[in-house]
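Take a look at the structure below.
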There are 4 protein chains.
Amino acid sequence: MDDASIQHLTEATREKLRQTVSKIERLEEEKKEVAEQIKEIYAEAKAFGFDTKALRQVIKLRKQDRAEREEAEMVLETYLIALGEA
Amino acid sequence: MDDASIQHLTEATREKLRQTVSKIERLEEEKKEVAEQIKEIYAEAKAFGFDTKALRQVIKLRKQDRAEREEAEMVLETYLIALGEA
Amino acid sequence: MDDASIQHLTEATREKLRQTVSKIERLEEEKKEVAEQIKEIYAEAKAFGFDTKALRQVIKLRKQDRAEREEAEMVLETYLIALGEA
Amino acid sequence: MDDASIQHLTEATREKLRQTVSKIERLEEEKKEVAEQIKEIYAEAKAFGFDTKALRQVIKLRKQDRAEREEAEMVLETYLIALGEA
DNA sequence: GTTGATCTTATTTCTC
DNA sequence: GAGAAATAAGATCAAC
């Protein structure tokens, strides 16, 4: 807050601030819930007899595959732009 | 996990595995989206003129407060139960 | 420092602390120098006419390749262990 | 950067590119090693009983001090030069 | 001069 | 619970 400490804010700004804090807190709550759901899936998988460590590695590897494909596309695009082809 | 590695699994187990991987990946995608929404809120707040560093501190402090209150409530409840009051 | 504030340290411990700080600072200095050398290489490459962005992407992609190969090996090993083969 | 993308480059340029990539990768490897050495020092310090969080703060503060001293010296020098004293 | 990218630090999460 | 790894946050720096 640049040039004003909190007591100098207008009511409208304070209201905006309240809403912002509220939105962030709600989204963080959502994020936490999703993280818990992921943990549950792993727990179920383990209970079913899957090797959680291996499962996590598979997920990670597939993620890397996706990342690498995307990266390769970006490199290609960069070169095409550099060559005046795009 | 290529076919060679899982050829000893039953088809039912393979299907279960596919579903598990799929569920986790979907949830991780969701988590990522929520994280992006949070970043957007911070970006908007910044554009509006809020000091995001201070904002983050506020969020953090409120989170600690909640944690402390919950902790206090748990202690209280434990005591009440121990006293046969709950 | 667990159970003691700084004034309660023995001289031997203080000396150990001095040496630790010194070692870390020396290594951080080294790290900084290497980082500067990397920047110089990029600057030279740019002066030579290379597209730095593309160059960085290439480096990143090659790094991902290496990471993915290592990860794939780890997955394989995990499965072999799980199968009692290693 | 596959062959198709760089087929318009001269062999000399390709060679230069290879050397550049190689130099950067070697330096990044060096940087990584130094970073690992730093982690080792912190690990040793922790094993010895030091509070690594406090230790990190000390390092940070000393770094700031050095930066401030250098800044002060630069200002001094600037003034001396402006006054024709240096 | 402000966003965008990169690099580093800090916190959290997972594994043993 | 300690160590390692992933994620998030902050700082820094270049580019437009």
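Chain lettering (A, B, ...) mirrors the order of the structure tokens, residue numbering begins at 1 for each chain separately, and ligand numbering begins at 1 in order of display.
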
Would you give me, as a list in words, the residues of chain C that come within 8 Å of chain A, using only C-alpha atoms?
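Those within range of chain A come out as Asp51, Lys53, Ala54, Gln57, Val58, Leu61, Gln64, Asp65, Glu68, Glu71, Ala72, Val75, Thr78, Tyr79 and Ala82 of chain C.
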
Can you pull out every residue within 10 Å of Ala35 of chain B, counting only C-alpha atoms (C1' of nucleotides), but drop anything in the same chain fewer than 4 positions away, and send it as a list in words?
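The filter keeps Ile24, Leu27, Glu28, Glu30 and Lys31 of chain A; Glu29, Glu30, Lys31, Lys39 and Glu40 of chain B; DA8 of chain F.
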
Take the residues from that selection and put them in a file with N, CA, C and O atoms (P, O5', C5', C4', C3', O3' and C1' of nucleotides), as a CSV table (one decimal), in the first residue's frame.
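As written to disk, result-v9.csv reads:
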```
chain,number,residue,atom,x,y,z
A,24,ILE,N,-8.9,-15.4,-1.8
A,24,ILE,CA,-7.7,-16.1,-1.7
A,24,ILE,C,-7.9,-17.3,-0.7
A,24,ILE,O,-7.5,-18.4,-1.0
A,27,LEU,N,-10.0,-20.0,-2.2
A,27,LEU,CA,-9.2,-20.8,-3.2
A,27,LEU,C,-8.2,-21.7,-2.5
A,27,LEU,O,-7.9,-22.9,-2.9
A,28,GLU,N,-7.5,-21.2,-1.5
A,28,GLU,CA,-6.5,-22.0,-0.8
A,28,GLU,C,-7.2,-23.2,-0.1
A,28,GLU,O,-6.6,-24.3,0.0
A,30,GLU,N,-9.8,-24.7,-1.2
A,30,GLU,CA,-10.1,-25.6,-2.3
A,30,GLU,C,-8.9,-26.4,-2.7
A,30,GLU,O,-8.9,-27.6,-2.9
A,31,LYS,N,-7.8,-25.7,-2.8
A,31,LYS,CA,-6.5,-26.4,-3.1
A,31,LYS,C,-6.2,-27.5,-2.1
A,31,LYS,O,-5.8,-28.6,-2.5
B,29,GLU,N,-4.3,-31.8,-12.1
B,29,GLU,CA,-4.6,-30.7,-13.0
B,29,GLU,C,-5.5,-29.7,-12.3
B,29,GLU,O,-5.3,-28.5,-12.5
B,30,GLU,N,-6.5,-30.1,-11.6
B,30,GLU,CA,-7.4,-29.3,-10.8
B,30,GLU,C,-6.6,-28.4,-9.8
B,30,GLU,O,-6.8,-27.2,-9.8
B,31,LYS,N,-5.7,-29.0,-9.2
B,31,LYS,CA,-4.9,-28.3,-8.2
B,31,LYS,C,-4.1,-27.2,-8.8
B,31,LYS,O,-4.0,-26.1,-8.3
B,39,LYS,N,-2.9,-17.1,-8.1
B,39,LYS,CA,-1.9,-16.1,-8.7
B,39,LYS,C,-2.6,-15.0,-9.4
B,39,LYS,O,-2.2,-13.8,-9.3
B,40,GLU,N,-3.7,-15.3,-10.1
B,40,GLU,CA,-4.5,-14.2,-10.7
B,40,GLU,C,-5.0,-13.2,-9.8
B,40,GLU,O,-4.9,-12.0,-10.0
F,8,DA,P,2.5,-25.5,-6.1
F,8,DA,O5',3.1,-24.3,-5.2
F,8,DA,C5',3.2,-24.4,-3.8
F,8,DA,C4',3.9,-23.2,-3.2
F,8,DA,C3',3.5,-21.9,-3.8
F,8,DA,O3',3.4,-21.0,-2.7
F,8,DA,C1',5.8,-22.1,-3.9
```

Selection near Tyr42 of chain C, 9 Å with only C-alpha atoms (C1' of nucleotides), sequence-local residues under 4 positions removed, as a PyMOL selection string
(chain C and resi 37-38+46-47+50+52+55-56) or (chain D and resi 20+24)

What would the file look like if the residues just selected were written as a PDB file, in the first residue's frame with C-alpha atoms?
```pdb
ATOM      1  CA  GLN C  37      30.871 -17.435 -16.244  1.00  0.00           C
ATOM      2  CA  ILE C  38      27.646 -18.954 -17.534  1.00  0.00           C
ATOM      3  CA  LYS C  46      24.499 -13.597 -28.335  1.00  0.00           C
ATOM      4  CA  ALA C  47      27.296 -11.384 -29.672  1.00  0.00           C
ATOM      5  CA  PHE C  50      22.940 -16.990 -31.628  1.00  0.00           C
ATOM      6  CA  THR C  52      19.852 -16.842 -26.597  1.00  0.00           C
ATOM      7  CA  LEU C  55      19.914 -21.685 -26.748  1.00  0.00           C
ATOM      8  CA  ARG C  56      18.425 -21.711 -23.262  1.00  0.00           C
TER       9      ARG C  56
ATOM     10  CA  THR D  20      28.781 -23.307 -26.500  1.00  0.00           C
ATOM     11  CA  ILE D  24      27.352 -24.129 -20.493  1.00  0.00           C
TER      12      ILE D  24
END
```

Kindly provide, as a list in words, the residues of chain F having any atom no farther than 12 Å from an atom of chain C, counting only C-alpha atoms (C1' of nucleotides).
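Applying the cut-off to the listed atoms yields DC13, DA14 and DA15 of chain F.
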
Next, dump the selected residues to file, keeping only N, CA and C atoms (P, O5', C5', C4', C3', O3' and C1' of nucleotides), as a short mmCIF file (atom, residue, chain, number, x, y, z; two decimals), in the first residue's frame.
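New file again.cif:
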```cif
data_model
loop_
_atom_site.label_atom_id
_atom_site.label_comp_id
_atom_site.auth_asym_id
_atom_site.auth_seq_id
_atom_site.Cartn_x
_atom_site.Cartn_y
_atom_site.Cartn_z
P DC F 13 21.03 -8.72 -10.01
"O5'" DC F 13 20.68 -8.89 -11.55
"C5'" DC F 13 20.50 -10.21 -12.09
"C4'" DC F 13 19.80 -10.11 -13.43
"C3'" DC F 13 20.17 -8.86 -14.24
"O3'" DC F 13 20.53 -9.25 -15.56
"C1'" DC F 13 17.82 -9.11 -14.13
P DA F 14 21.21 -8.19 -16.53
"O5'" DA F 14 20.35 -8.46 -17.83
"C5'" DA F 14 20.09 -9.80 -18.24
"C4'" DA F 14 18.84 -9.85 -19.09
"C3'" DA F 14 18.87 -8.92 -20.30
"O3'" DA F 14 18.38 -9.65 -21.42
"C1'" DA F 14 16.96 -8.45 -18.97
P DA F 15 18.63 -9.11 -22.87
"O5'" DA F 15 17.17 -8.63 -23.30
"C5'" DA F 15 16.09 -9.56 -23.23
"C4'" DA F 15 14.77 -8.82 -23.43
"C3'" DA F 15 14.78 -7.84 -24.59
"O3'" DA F 15 13.58 -7.98 -25.34
"C1'" DA F 15 14.00 -6.79 -22.65
#
```

DSSP-assigned helix (DSSP H, G or I) among chain C, expressed as a count of residues only:
72
